[in-house]
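Student: Data: final_5.txt, compact mmCIF, C-alpha atoms.
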```txt
# COMPACT_ATOMS: atom_id res chain seq x y z
CA MET A 228 -92.29 -21.79 -86.35
CA PHE A 229 -91.49 -23.80 -83.24
CA LYS A 230 -87.76 -24.21 -83.87
CA PRO A 231 -86.65 -21.21 -81.72
CA LYS A 232 -88.49 -22.67 -78.74
CA ILE A 233 -86.93 -26.07 -79.33
CA ILE A 234 -83.49 -24.48 -79.52
CA ILE A 235 -84.09 -22.55 -76.27
CA VAL A 236 -85.33 -25.65 -74.46
CA PHE A 237 -82.41 -27.70 -75.79
CA SER A 238 -79.94 -25.01 -74.66
CA LEU A 239 -81.44 -24.97 -71.18
CA VAL A 240 -81.15 -28.74 -70.97
CA VAL A 241 -77.51 -28.58 -72.08
CA LEU A 242 -76.77 -25.93 -69.44
CA ALA A 243 -78.53 -27.95 -66.75
CA VAL A 244 -76.59 -31.08 -67.67
CA ALA A 245 -73.31 -29.13 -67.76
CA PHE A 246 -74.03 -27.67 -64.32
CA PHE A 247 -74.84 -31.14 -62.96
CA VAL A 248 -71.62 -32.58 -64.40
CA VAL A 249 -69.49 -29.77 -62.95
CA ARG A 250 -71.16 -30.09 -59.56
CA HIS A 251 -70.85 -33.89 -59.62
CA ASN A 252 -67.14 -33.67 -60.53
CA ARG A 253 -66.54 -31.12 -57.79
CA THR A 254 -68.26 -33.36 -55.24
CA ASN A 255 -66.14 -36.32 -56.33
CA LEU A 256 -62.98 -34.25 -55.98
CA PHE A 257 -64.06 -33.14 -52.50
CA TYR A 258 -64.50 -36.73 -51.39
CA GLN A 259 -61.11 -37.61 -52.83
CA CYS A 260 -59.71 -34.95 -50.49
CA GLU A 261 -61.55 -36.61 -47.61
CA LYS A 262 -59.52 -39.78 -48.15
CA SER A 263 -56.27 -37.90 -47.57
CA GLY A 264 -54.55 -37.60 -44.22
CA LYS A 265 -55.33 -34.50 -42.14
CA ILE A 266 -52.47 -32.35 -43.50
CA SER A 267 -52.88 -33.67 -47.05
CA LYS A 268 -56.61 -33.02 -46.85
CA VAL A 269 -56.08 -29.32 -46.21
CA SER A 270 -53.63 -29.11 -49.12
CA CYS A 271 -56.16 -30.90 -51.29
CA TRP A 272 -58.88 -28.41 -50.32
CA GLU A 273 -56.54 -25.55 -51.17
CA ASP A 274 -55.81 -26.99 -54.61
CA LEU A 275 -59.49 -27.63 -55.25
CA THR A 276 -60.38 -24.06 -54.23
CA ARG A 277 -57.77 -22.68 -56.65
CA THR A 278 -59.10 -24.88 -59.46
CA ILE A 279 -62.73 -23.87 -58.92
CA VAL A 280 -62.05 -20.15 -58.69
CA LYS A 281 -59.95 -20.34 -61.88
CA LYS A 282 -62.41 -22.40 -63.92
CA GLU A 283 -65.79 -21.41 -62.47
CA GLY A 284 -65.31 -18.03 -60.83
CA ILE A 285 -65.48 -16.42 -57.43
CA SER A 286 -69.13 -17.13 -56.67
CA ARG A 287 -68.79 -20.86 -57.40
CA ALA A 288 -65.67 -21.01 -55.26
CA PHE A 289 -67.62 -19.59 -52.33
CA ASP A 290 -70.36 -22.14 -52.99
CA PHE A 291 -67.71 -24.83 -52.65
CA ILE A 292 -66.50 -23.28 -49.38
CA ALA A 293 -70.04 -23.41 -47.97
CA TYR A 294 -70.48 -27.01 -49.18
CA ALA A 295 -67.16 -28.16 -47.70
CA TYR A 296 -67.92 -26.43 -44.40
CA ASP A 297 -71.19 -28.36 -44.10
CA GLN A 298 -69.63 -31.67 -45.13
CA ASP A 299 -66.55 -31.77 -42.89
CA SER A 300 -66.40 -30.52 -39.30
CA GLU A 301 -62.65 -29.88 -39.68
CA PHE A 302 -63.14 -27.35 -42.49
CA ALA A 303 -63.97 -24.51 -40.07
CA GLN A 304 -60.35 -24.29 -38.93
CA PRO A 305 -58.71 -23.59 -42.34
CA CYS A 306 -61.77 -21.86 -43.83
CA HIS A 307 -60.29 -18.37 -43.38
CA ALA A 308 -57.14 -19.45 -45.25
CA MET A 309 -59.25 -20.98 -48.03
CA VAL A 310 -61.06 -17.72 -48.73
CA HIS A 311 -57.68 -15.94 -48.69
CA ILE A 312 -56.97 -18.04 -51.78
CA ILE A 313 -60.15 -16.80 -53.47
CA GLY A 314 -59.16 -13.22 -52.66
CA GLN A 315 -55.71 -13.71 -54.18
CA ALA A 316 -57.25 -15.03 -57.41
CA ALA A 317 -59.78 -12.20 -57.41
CA TYR A 318 -56.99 -9.62 -57.44
CA ILE A 319 -55.42 -11.25 -60.50
CA GLN A 320 -58.84 -11.06 -62.17
CA PHE A 321 -59.24 -7.44 -61.10
CA ARG A 322 -55.89 -6.44 -62.61
CA SER A 323 -56.76 -8.24 -65.83
CA THR A 324 -60.40 -7.14 -66.32
CA GLY A 325 -60.82 -4.05 -64.15
CA SER A 326 -63.71 -5.62 -62.24
CA VAL A 327 -64.26 -8.15 -59.48
CA GLU A 328 -67.34 -10.02 -58.33
CA LEU A 329 -68.30 -8.85 -54.83
CA SER A 330 -71.26 -10.13 -52.84
CA GLN A 331 -72.34 -11.03 -49.32
CA LYS A 332 -70.50 -14.33 -49.84
CA THR A 333 -67.17 -12.53 -49.85
CA ALA A 334 -67.53 -11.86 -46.11
CA SER A 335 -67.50 -15.61 -45.34
CA CYS A 336 -64.98 -17.13 -42.92
CA ALA A 337 -64.10 -13.93 -41.07
CA PHE A 338 -63.64 -11.79 -44.21
CA GLY A 339 -60.51 -13.63 -45.37
CA PHE A 340 -61.29 -12.82 -49.02
CA TYR A 341 -60.38 -9.16 -48.49
CA HIS A 342 -57.19 -10.07 -46.66
CA GLY A 343 -56.07 -12.26 -49.57
CA PHE A 344 -57.03 -9.63 -52.15
CA MET A 345 -55.12 -6.82 -50.46
CA GLU A 346 -52.10 -9.01 -49.69
CA THR A 347 -51.79 -9.75 -53.39
CA LEU A 348 -52.30 -6.12 -54.37
CA VAL A 349 -49.44 -4.98 -52.15
CA ALA A 350 -47.20 -7.93 -53.04
CA ARG A 351 -47.62 -7.13 -56.75
CA LYS A 352 -46.57 -3.53 -56.17
CA GLY A 353 -50.03 -2.03 -56.30
CA THR A 354 -50.06 1.59 -55.19
CA ILE A 355 -51.51 3.07 -52.01
CA GLU A 356 -54.01 4.92 -54.20
CA GLU A 357 -55.10 1.64 -55.81
CA ALA A 358 -55.55 0.07 -52.37
CA ARG A 359 -57.55 3.02 -51.10
CA ASP A 360 -59.71 3.07 -54.24
CA PHE A 361 -60.50 -0.63 -53.89
CA CYS A 362 -61.49 -0.27 -50.23
CA GLU A 363 -63.79 2.61 -51.20
CA TYR A 364 -65.21 0.47 -54.03
CA VAL A 365 -65.89 -2.34 -51.52
CA ASP A 366 -67.71 0.08 -49.24
CA GLU A 367 -69.82 1.55 -52.04
CA THR A 368 -70.71 -1.87 -53.44
CA LEU A 369 -71.43 -3.70 -50.18
CA LYS A 370 -72.32 -1.14 -47.52
CA GLU A 371 -76.00 -2.10 -47.68
CA ILE A 372 -75.41 -5.87 -47.46
CA THR A 373 -72.07 -6.25 -45.61
CA PRO A 374 -71.37 -2.99 -43.75
CA ASN A 375 -68.04 -4.07 -42.22
CA ALA A 376 -66.36 -5.32 -45.40
CA LYS A 377 -64.30 -2.15 -45.81
CA TYR A 378 -62.66 -2.68 -42.41
CA SER A 379 -61.34 -6.07 -43.49
CA CYS A 380 -59.99 -4.36 -46.59
CA TYR A 381 -57.92 -2.05 -44.36
CA HIS A 382 -56.66 -5.05 -42.35
CA GLY A 383 -55.64 -6.72 -45.61
CA ILE A 384 -53.36 -3.83 -46.54
CA GLY A 385 -51.40 -4.44 -43.34
CA HIS A 386 -51.17 -8.13 -44.21
CA GLY A 387 -49.82 -7.42 -47.66
CA SER A 388 -47.34 -4.84 -46.40
CA THR A 389 -45.65 -7.29 -44.03
CA ASP A 390 -42.69 -8.98 -45.70
CA VAL A 391 -42.14 -11.97 -43.42
CA HIS A 392 -40.16 -13.78 -46.16
CA SER A 393 -37.37 -11.27 -46.76
CA PRO A 394 -33.92 -12.57 -45.76
CA THR A 395 -33.03 -8.95 -44.96
CA TYR A 396 -35.32 -9.17 -41.93
CA TYR A 397 -34.51 -12.75 -40.91
CA GLY A 398 -35.59 -13.26 -37.30
CA ASN A 399 -36.24 -9.54 -36.81
CA GLU A 400 -39.92 -8.96 -36.06
CA GLN A 401 -39.52 -5.31 -35.12
CA ALA A 402 -37.75 -4.44 -38.39
CA ILE A 403 -40.54 -6.14 -40.35
CA VAL A 404 -43.21 -4.30 -38.38
CA SER A 405 -41.52 -0.91 -38.69
CA GLN A 406 -41.21 -1.27 -42.46
CA ALA A 407 -44.84 -2.35 -42.84
CA LEU A 408 -46.14 0.48 -40.67
CA VAL A 409 -44.73 2.95 -43.20
CA ASN A 410 -47.31 1.65 -45.71
CA CYS A 411 -50.14 1.75 -43.17
CA GLU A 412 -49.31 5.32 -42.22
CA ALA A 413 -49.26 6.33 -45.88
CA PHE A 414 -52.58 4.59 -46.53
CA ALA A 415 -54.62 5.52 -43.46
CA GLN A 416 -56.75 8.63 -43.51
CA ASP A 417 -57.68 8.44 -39.82
CA ASP A 418 -56.66 6.65 -36.62
CA HIS A 419 -59.25 3.90 -37.09
CA GLN A 420 -57.94 2.96 -40.52
CA LEU A 421 -54.40 3.03 -39.15
CA LYS A 422 -55.27 0.67 -36.30
CA LEU A 423 -57.02 -1.78 -38.63
CA CYS A 424 -54.12 -1.74 -41.06
CA ALA A 425 -51.73 -2.39 -38.16
CA THR A 426 -53.74 -5.45 -37.08
CA GLY A 427 -52.89 -7.01 -40.44
CA ILE A 428 -49.19 -6.50 -39.76
CA PHE A 429 -49.25 -8.24 -36.38
CA ASP A 430 -51.46 -10.98 -37.78
CA SER A 431 -48.76 -11.72 -40.36
CA ILE A 432 -46.14 -12.01 -37.60
CA SER A 433 -48.49 -14.27 -35.66
CA ILE A 434 -48.95 -16.51 -38.72
CA ALA A 435 -45.18 -16.70 -39.19
CA TYR A 436 -44.80 -17.84 -35.57
CA TYR A 437 -47.16 -20.76 -35.91
CA ASN A 438 -45.88 -21.71 -39.37
CA ASN A 439 -42.84 -23.38 -37.85
CA GLY A 440 -40.84 -20.23 -37.22
CA GLN A 441 -41.06 -18.91 -40.77
CA ASN A 442 -37.95 -16.90 -41.77
CA GLY A 443 -36.46 -17.25 -38.29
CA LEU A 444 -39.49 -15.73 -36.56
CA VAL A 445 -39.82 -17.81 -33.41
CA MET A 446 -42.13 -16.98 -30.51
CA LYS A 447 -40.13 -16.53 -27.31
CA LYS A 448 -41.43 -18.92 -24.67
CA ASP A 449 -40.11 -16.79 -21.82
CA ASP A 450 -41.58 -13.52 -23.21
CA PRO A 451 -44.07 -14.32 -26.01
CA LEU A 452 -45.70 -10.87 -26.05
CA TRP A 453 -42.51 -8.79 -26.01
CA LEU A 454 -43.34 -7.35 -29.44
CA CYS A 455 -46.54 -5.78 -28.10
CA HIS A 456 -44.67 -4.32 -25.12
CA ALA A 457 -42.24 -2.71 -27.56
CA GLN A 458 -44.89 -0.91 -29.63
CA PRO A 459 -45.86 2.76 -29.29
CA GLN A 460 -49.15 3.17 -27.44
CA LYS A 461 -51.19 3.67 -30.62
CA TYR A 462 -50.23 0.19 -31.90
CA LYS A 463 -50.44 -1.85 -28.70
CA GLU A 464 -54.11 -2.82 -29.05
CA ALA A 465 -53.58 -3.91 -32.65
CA CYS A 466 -50.63 -6.03 -31.56
CA TYR A 467 -52.48 -7.71 -28.69
CA ARG A 468 -55.47 -8.39 -30.93
CA ASP A 469 -53.53 -10.16 -33.64
CA MET A 470 -50.91 -11.86 -31.52
CA MET A 471 -53.67 -14.01 -30.01
CA PRO A 472 -53.73 -16.57 -32.88
CA ALA A 473 -50.09 -17.32 -32.02
CA VAL A 474 -50.88 -17.48 -28.31
CA ILE A 475 -53.72 -19.97 -28.86
CA TRP A 476 -51.32 -22.03 -30.98
CA MET A 477 -48.72 -21.86 -28.21
CA GLY A 478 -51.41 -23.12 -25.83
CA GLU A 479 -52.07 -26.17 -28.02
CA HIS A 480 -55.28 -24.62 -29.45
CA ASP A 481 -56.90 -24.78 -26.02
CA LEU A 482 -58.23 -21.66 -24.28
CA VAL A 483 -57.57 -23.09 -20.81
CA LYS A 484 -53.91 -23.78 -21.62
CA ALA A 485 -53.35 -20.54 -23.55
CA ALA A 486 -54.96 -18.08 -21.14
CA PRO A 487 -52.12 -18.25 -18.55
CA ILE A 488 -49.80 -16.86 -21.25
CA VAL A 489 -51.98 -13.75 -21.36
CA PHE A 490 -52.29 -13.53 -17.57
CA THR A 491 -48.51 -13.81 -17.13
CA HIS A 492 -47.14 -11.82 -20.07
CA ALA A 493 -49.70 -9.22 -21.20
CA GLU A 494 -49.50 -5.71 -19.82
CA GLU A 495 -52.13 -5.16 -17.15
CA THR A 496 -54.08 -2.65 -19.23
CA TYR A 497 -54.53 -5.18 -22.05
CA LYS A 498 -55.16 -8.45 -20.19
CA GLU A 499 -58.95 -8.27 -20.35
CA PHE A 500 -58.97 -7.30 -24.01
CA ALA A 501 -56.44 -9.99 -24.90
CA LEU A 502 -58.44 -12.71 -23.10
CA LYS A 503 -61.57 -11.75 -25.03
CA ILE A 504 -59.71 -12.06 -28.36
CA LEU A 505 -58.06 -15.29 -27.21
CA ALA A 506 -61.48 -16.78 -26.38
CA GLU A 507 -62.69 -15.66 -29.81
CA ASN A 508 -59.77 -17.38 -31.55
CA SER A 509 -60.17 -20.57 -29.54
CA ILE A 510 -63.53 -21.27 -31.20
CA ARG A 511 -61.91 -21.96 -34.58
CA PHE A 512 -60.35 -25.12 -33.16
CA ILE A 513 -63.48 -26.58 -31.58
CA MET A 514 -66.11 -25.37 -34.06
CA ASN A 515 -68.48 -28.16 -35.18
CA LYS A 516 -66.71 -30.61 -32.87
CA THR A 517 -67.15 -29.38 -29.29
CA PRO A 518 -69.78 -26.90 -27.99
CA ALA A 519 -68.50 -23.45 -27.05
CA THR A 520 -70.15 -23.97 -23.65
CA ILE A 521 -67.16 -26.16 -22.71
CA TYR A 522 -65.27 -22.94 -21.89
CA VAL A 523 -68.02 -21.21 -19.89
CA PRO A 524 -66.89 -22.59 -16.49
CA PHE A 525 -63.32 -21.51 -17.26
CA CYS A 526 -64.48 -17.97 -18.13
CA ARG A 527 -66.33 -17.76 -14.82
CA GLY A 528 -63.15 -18.57 -12.96
CA THR A 529 -61.21 -15.64 -14.42
CA ALA A 530 -61.09 -12.00 -13.37
CA TYR A 531 -62.50 -11.13 -16.82
CA HIS A 532 -65.52 -13.40 -16.81
CA MET A 533 -67.91 -11.40 -19.00
CA SER A 534 -65.31 -10.38 -21.56
CA CYS A 535 -64.39 -14.03 -21.93
CA ILE A 536 -68.05 -14.95 -22.61
CA GLU A 537 -68.23 -12.06 -25.08
CA GLY A 538 -65.21 -13.49 -26.89
CA LEU A 539 -66.81 -16.93 -27.17
CA ALA A 540 -69.93 -15.40 -28.73
CA SER A 541 -67.87 -13.38 -31.18
CA GLY A 542 -65.86 -16.46 -32.11
CA VAL A 543 -68.97 -18.52 -32.86
CA MET A 544 -70.11 -15.71 -35.18
CA GLN A 545 -66.73 -15.41 -36.91
CA PHE A 546 -66.17 -19.08 -37.56
CA GLY A 547 -69.74 -20.23 -38.17
CA PRO A 548 -71.06 -21.61 -41.47
CA PRO A 549 -70.86 -19.12 -44.36
CA ASP A 550 -73.85 -16.75 -44.44
CA ARG A 551 -75.43 -18.61 -41.49
CA GLU A 552 -72.98 -17.58 -38.79
CA TYR A 553 -75.72 -16.15 -36.59
CA GLU A 554 -77.47 -19.52 -36.17
CA GLY A 555 -74.81 -21.05 -33.95
CA ALA A 556 -74.23 -17.79 -32.09
CA LEU A 557 -77.91 -17.38 -31.17
CA SER A 558 -78.03 -21.03 -30.17
CA PHE A 559 -74.98 -20.54 -27.92
CA CYS A 560 -76.55 -17.48 -26.30
CA ARG A 561 -79.69 -19.49 -25.48
CA GLU A 562 -77.84 -22.35 -23.79
CA SER A 563 -79.29 -23.18 -20.37
CA ILE A 564 -75.80 -23.20 -18.80
CA LEU A 565 -75.58 -19.42 -19.29
CA THR A 566 -76.87 -17.10 -16.60
CA LEU A 567 -79.24 -14.26 -17.52
CA GLU A 568 -76.36 -11.79 -17.32
CA GLU A 569 -74.22 -13.97 -19.57
CA LYS A 570 -77.06 -14.40 -22.06
CA LYS A 571 -77.51 -10.65 -22.18
CA MET A 572 -73.80 -10.09 -22.90
CA CYS A 573 -73.83 -12.89 -25.47
CA MET A 574 -76.85 -11.50 -27.31
CA GLU A 575 -75.45 -7.97 -27.29
CA GLU A 576 -72.21 -9.20 -28.89
CA THR A 577 -73.96 -11.49 -31.37
CA LEU A 578 -76.51 -8.95 -32.57
CA GLY A 579 -73.86 -6.23 -32.78
CA TYR A 580 -71.80 -8.51 -35.00
CA THR A 581 -74.95 -9.38 -36.98
CA LYS A 582 -75.49 -5.73 -37.87
CA ALA A 583 -71.91 -5.48 -39.10
CA ARG A 584 -72.02 -8.73 -41.07
CA TYR A 585 -75.40 -8.67 -42.85
CA GLY A 586 -77.63 -6.25 -44.73
CA LYS A 587 -80.63 -4.52 -43.18
CA LYS A 588 -83.22 -6.98 -44.49
CA LYS A 589 -81.40 -10.02 -43.17
CA VAL A 590 -80.77 -8.30 -39.85
CA ALA A 591 -84.50 -7.55 -39.60
CA ASP A 592 -85.33 -11.20 -40.33
CA ILE A 593 -82.88 -12.39 -37.66
CA CYS A 594 -84.12 -9.87 -35.12
CA ALA A 595 -87.71 -10.95 -35.74
CA VAL A 596 -86.97 -14.30 -34.07
CA VAL A 597 -84.98 -12.87 -31.18
CA GLU A 598 -86.60 -12.79 -27.73
CA GLU A 599 -88.29 -9.49 -26.91
CA GLU A 600 -85.85 -8.56 -24.14
CA TYR A 601 -82.93 -8.60 -26.60
CA LYS A 602 -84.49 -6.70 -29.50
CA THR A 603 -82.99 -3.47 -28.19
CA TYR A 604 -79.60 -4.73 -29.45
CA CYS A 605 -81.01 -4.80 -32.98
CA ASN A 606 -81.45 -1.02 -33.09
```
Represent the structure of the file as structure tokens.
Tutor:
Amino acid sequence: MFKPKIIIVFSLVVLAVAFFVVRHNRTNLFYQCEKSGKISKVSCWEDLTRTIVKKEGISRAFDFIAYAYDQDSEFAQPCHAMVHIIGQAAYIQFRSTGSVELSQKTASCAFGFYHGFMETLVARKGTIEEARDFCEYVDETLKEITPNAKYSCYHGIGHGSTDVHSPTYYGNEQAIVSQALVNCEAFAQDDHQLKLCATGIFDSISIAYYNNGQNGLVMKKDDPLWLCHAQPQKYKEACYRDMMPAVIWMGEHDLVKAAPIVFTHAEETYKEFALKILAENSIRFIMNKTPATIYVPFCRGTAYHMSCIEGLASGVMQFGPPDREYEGALSFCRESILTLEEKKMCMEETLGYTKARYGKKKVADICAVVEEEYKTYCN
């Protein structure tokens, strides 16, 4: 009479032990990575991410990402690339099973999951209709918990459409961009989708630049933003936005060293915008190691002071700990070094990003602890 209960209890114990063993093994593997040199450590994390997503699934892989982020201050920098890997594996699963596990976790580390997913879809000759259907599926599934996920899906299509490896286009950025824009124009149903798709294209060029001149793509020191100058007006903003990772790399990952590149080479109309995005990207390289306030005096010394502060706030949100990005951003906005005007700008940017990143309930919980004078940005 009691045997079924005994069997159930025994099964639960077995599952608990199995979970403990898997988690313990994963932790041991993580600490083996920690013993590697800096470059080897990143490669080790990549391999471990691939292993976990293959053996344990997407959700467990994101749990590992969150764990690694909390354990090692250097993980923030490659975190976006790590979740690209999860997205790539998720597409393989999607093609095999017809379904994919989406959740609020998949927005972690600046939405890199969707970039990896769409890159793989395009690389494996998925159709424009398949890409569009997936982006619509993302929106339907997550619009109540991660409203902006669909926009990263559009960006990912641009990523996947950009063939930076083809010997046909060796050293020819404009040819690569022109070819990729054909896909974006076929995919996009409005100007906003087109712009987001285009950002993925220029991001791919930017990545090629800082990956040791991949396929002959080398950033010109005397005219590093020439590619943006060469674009039609409708693509200039997308180019300036996603050329900034290469500019921050060119400036040795330091906002103070990189900003003069923008001031000297960006078109006047785009200098303020480019500096904001540059400030945003600079946070990835100091996150969990140096406070974002280190750049506040520099921002004040520029002609684009408030946009620079806005970029710092946005960067802290983008590259913060998975699902807790807002904590560091709110803390930054409350720093005593900031003036009241700067705090206001910081809170407006942070809470705007919060509404795009989280569902309504979580936004309400976050807004409940925000000072009264800033609650208007929650509406």
Student: Have a look at A:Tyr381, A:Phe338, A:Tyr497, A:Trp272 and name the one nearest to Met544 in chain A; count all atoms listed in the file.
Tutor: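 Of the candidates, the smallest distance to Met544 in chain A is held by A:Phe338.
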Student: Name the residues in contact with His480 in chain A at a cut-off of 12 Å, using only C-alpha atoms, excluding same-chain residues fewer than 6 positions from it; report them as a PyMOL selection string.
Tutor: chain A and resi 304+437+471-474+486+505-514
Student: Show me the residues around (-51.0, -4.0, -36.8) - criterion: an atom at most 6 Å away, only C-alpha atoms counted - as a list in words.
Tutor: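 Checked against the point, the hits come out as Cys424, Ala425, Thr426, Gly427, Ile428, Phe429, Ala465 and Cys466 of chain A.
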Student: Quick check, in Å to one decimal: how far apart do CA of Val349 in chain A and CA of Ile384 in chain A lie?
Tutor: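 CA of Val349 in chain A sits 6.9 Å away from CA of Ile384 in chain A.
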Student: Find, counting only C-alpha atoms, the residue in A:Arg287, A:Leu275, A:Ser405, A:Lys602 that gets nearest to Gln259 in chain A.
Tutor: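 Answer, going by the shortest atom-to-atom distance: A:Leu275.
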Student: For a quick check of understanding, using only C-alpha atoms, which of A:Pro549, A:Gly443, A:Gly353, A:Gly383 has the smallest distance to Thr395 in chain A?
Tutor: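 Once distances to Thr395 in chain A are computed over only C-alpha atoms, the minimum belongs to A:Gly443.
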Student: For Gln420 in chain A, list every protein, DNA or RNA residue within 9 Å, evaluated using all atoms listed in the file, and leave out those in the same chain fewer than 5 positions away; present the list as a VMD selection string.
Tutor: chain A and resid 378 381 to 382 411 414 to 415 425
Student: Quick one: contact table of range 369-426 of chain A to range 576-594 of chain A, 9 Å max, nearest atom pair and distance in Å to one decimal per residue, counting all atoms listed in the file, chain and number order, as a Markdown table?
Tutor:
```
| residue | atom | partner | partner_atom | distance |
| --- | --- | --- | --- | --- |
| A:Leu369 | CA | A:Gly586 | CA | 8.6 |
| A:Lys370 | CA | A:Gly586 | CA | 7.9 |
| A:Glu371 | CA | A:Gly586 | CA | 5.3 |
| A:Ile372 | CA | A:Gly586 | CA | 3.5 |
| A:Thr373 | CA | A:Tyr585 | CA | 5.0 |
| A:Pro374 | CA | A:Ala583 | CA | 5.3 |
| A:Asn375 | CA | A:Ala583 | CA | 5.2 |
| A:Ala376 | CA | A:Arg584 | CA | 7.9 |
```
Student: I'd like to know which of A:Ala485, A:Ala493, A:Ile536, A:Leu452 is closest to Tyr436 in chain A, using all atoms listed in the file.
Tutor: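 When distances to Tyr436 in chain A are compared using all atoms listed in the file, the smallest one comes from A:Leu452.
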Student: Looking at all atoms listed in the file, which of A:Asp274, A:Asp550, A:Glu356, A:Glu494 is the one that sits closest to Cys455 in chain A?
Tutor: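 Nearest candidate to Cys455 in chain A out of A:Asp274, A:Asp550, A:Glu356, A:Glu494: A:Glu494.
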Student: Start from the incomplete input, build N, CA and C atoms for range 494-512 of chain A, and deliver everything as a short mmCIF file (atom, residue, chain, number, x, y, z; two decimals), in the coordinates of the input.
Tutor:
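Saved the output as result.cif:
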```
data_model
loop_
_atom_site.label_atom_id
_atom_site.label_comp_id
_atom_site.auth_asym_id
_atom_site.auth_seq_id
_atom_site.Cartn_x
_atom_site.Cartn_y
_atom_site.Cartn_z
N GLU A 494 -49.47 -6.88 -20.70
CA GLU A 494 -49.50 -5.71 -19.82
C GLU A 494 -50.87 -5.62 -19.17
N GLU A 495 -50.90 -5.15 -17.95
CA GLU A 495 -52.13 -5.16 -17.15
C GLU A 495 -53.30 -4.50 -17.88
N THR A 496 -53.04 -3.41 -18.54
CA THR A 496 -54.08 -2.65 -19.23
C THR A 496 -54.75 -3.47 -20.33
N TYR A 497 -54.03 -4.46 -20.89
CA TYR A 497 -54.53 -5.18 -22.05
C TYR A 497 -54.95 -6.62 -21.75
N LYS A 498 -54.85 -7.06 -20.51
CA LYS A 498 -55.16 -8.45 -20.19
C LYS A 498 -56.61 -8.81 -20.50
N GLU A 499 -57.53 -7.97 -20.11
CA GLU A 499 -58.95 -8.27 -20.35
C GLU A 499 -59.25 -8.32 -21.84
N PHE A 500 -58.76 -7.34 -22.57
CA PHE A 500 -58.97 -7.30 -24.01
C PHE A 500 -58.36 -8.53 -24.68
N ALA A 501 -57.13 -8.85 -24.29
CA ALA A 501 -56.44 -9.99 -24.90
C ALA A 501 -57.17 -11.30 -24.63
N LEU A 502 -57.71 -11.48 -23.41
CA LEU A 502 -58.44 -12.71 -23.10
C LEU A 502 -59.69 -12.82 -23.96
N LYS A 503 -60.38 -11.71 -24.17
CA LYS A 503 -61.57 -11.75 -25.03
C LYS A 503 -61.19 -12.23 -26.43
N ILE A 504 -60.13 -11.67 -27.00
CA ILE A 504 -59.71 -12.06 -28.36
C ILE A 504 -59.19 -13.49 -28.38
N LEU A 505 -58.53 -13.91 -27.30
CA LEU A 505 -58.06 -15.29 -27.21
C LEU A 505 -59.25 -16.26 -27.20
N ALA A 506 -60.28 -15.94 -26.43
CA ALA A 506 -61.48 -16.78 -26.38
C ALA A 506 -62.11 -16.85 -27.77
N GLU A 507 -62.17 -15.74 -28.44
CA GLU A 507 -62.69 -15.66 -29.81
C GLU A 507 -61.93 -16.60 -30.74
N ASN A 508 -60.60 -16.54 -30.68
CA ASN A 508 -59.77 -17.38 -31.55
C ASN A 508 -59.85 -18.85 -31.21
N SER A 509 -60.12 -19.17 -29.96
CA SER A 509 -60.17 -20.57 -29.54
C SER A 509 -61.31 -21.33 -30.22
N ILE A 510 -62.35 -20.62 -30.61
CA ILE A 510 -63.53 -21.27 -31.20
C ILE A 510 -63.20 -21.94 -32.53
N ARG A 511 -62.27 -21.38 -33.27
CA ARG A 511 -61.91 -21.96 -34.58
C ARG A 511 -61.52 -23.44 -34.45
N PHE A 512 -60.90 -23.78 -33.31
CA PHE A 512 -60.35 -25.12 -33.16
C PHE A 512 -61.33 -26.13 -32.55
#
```
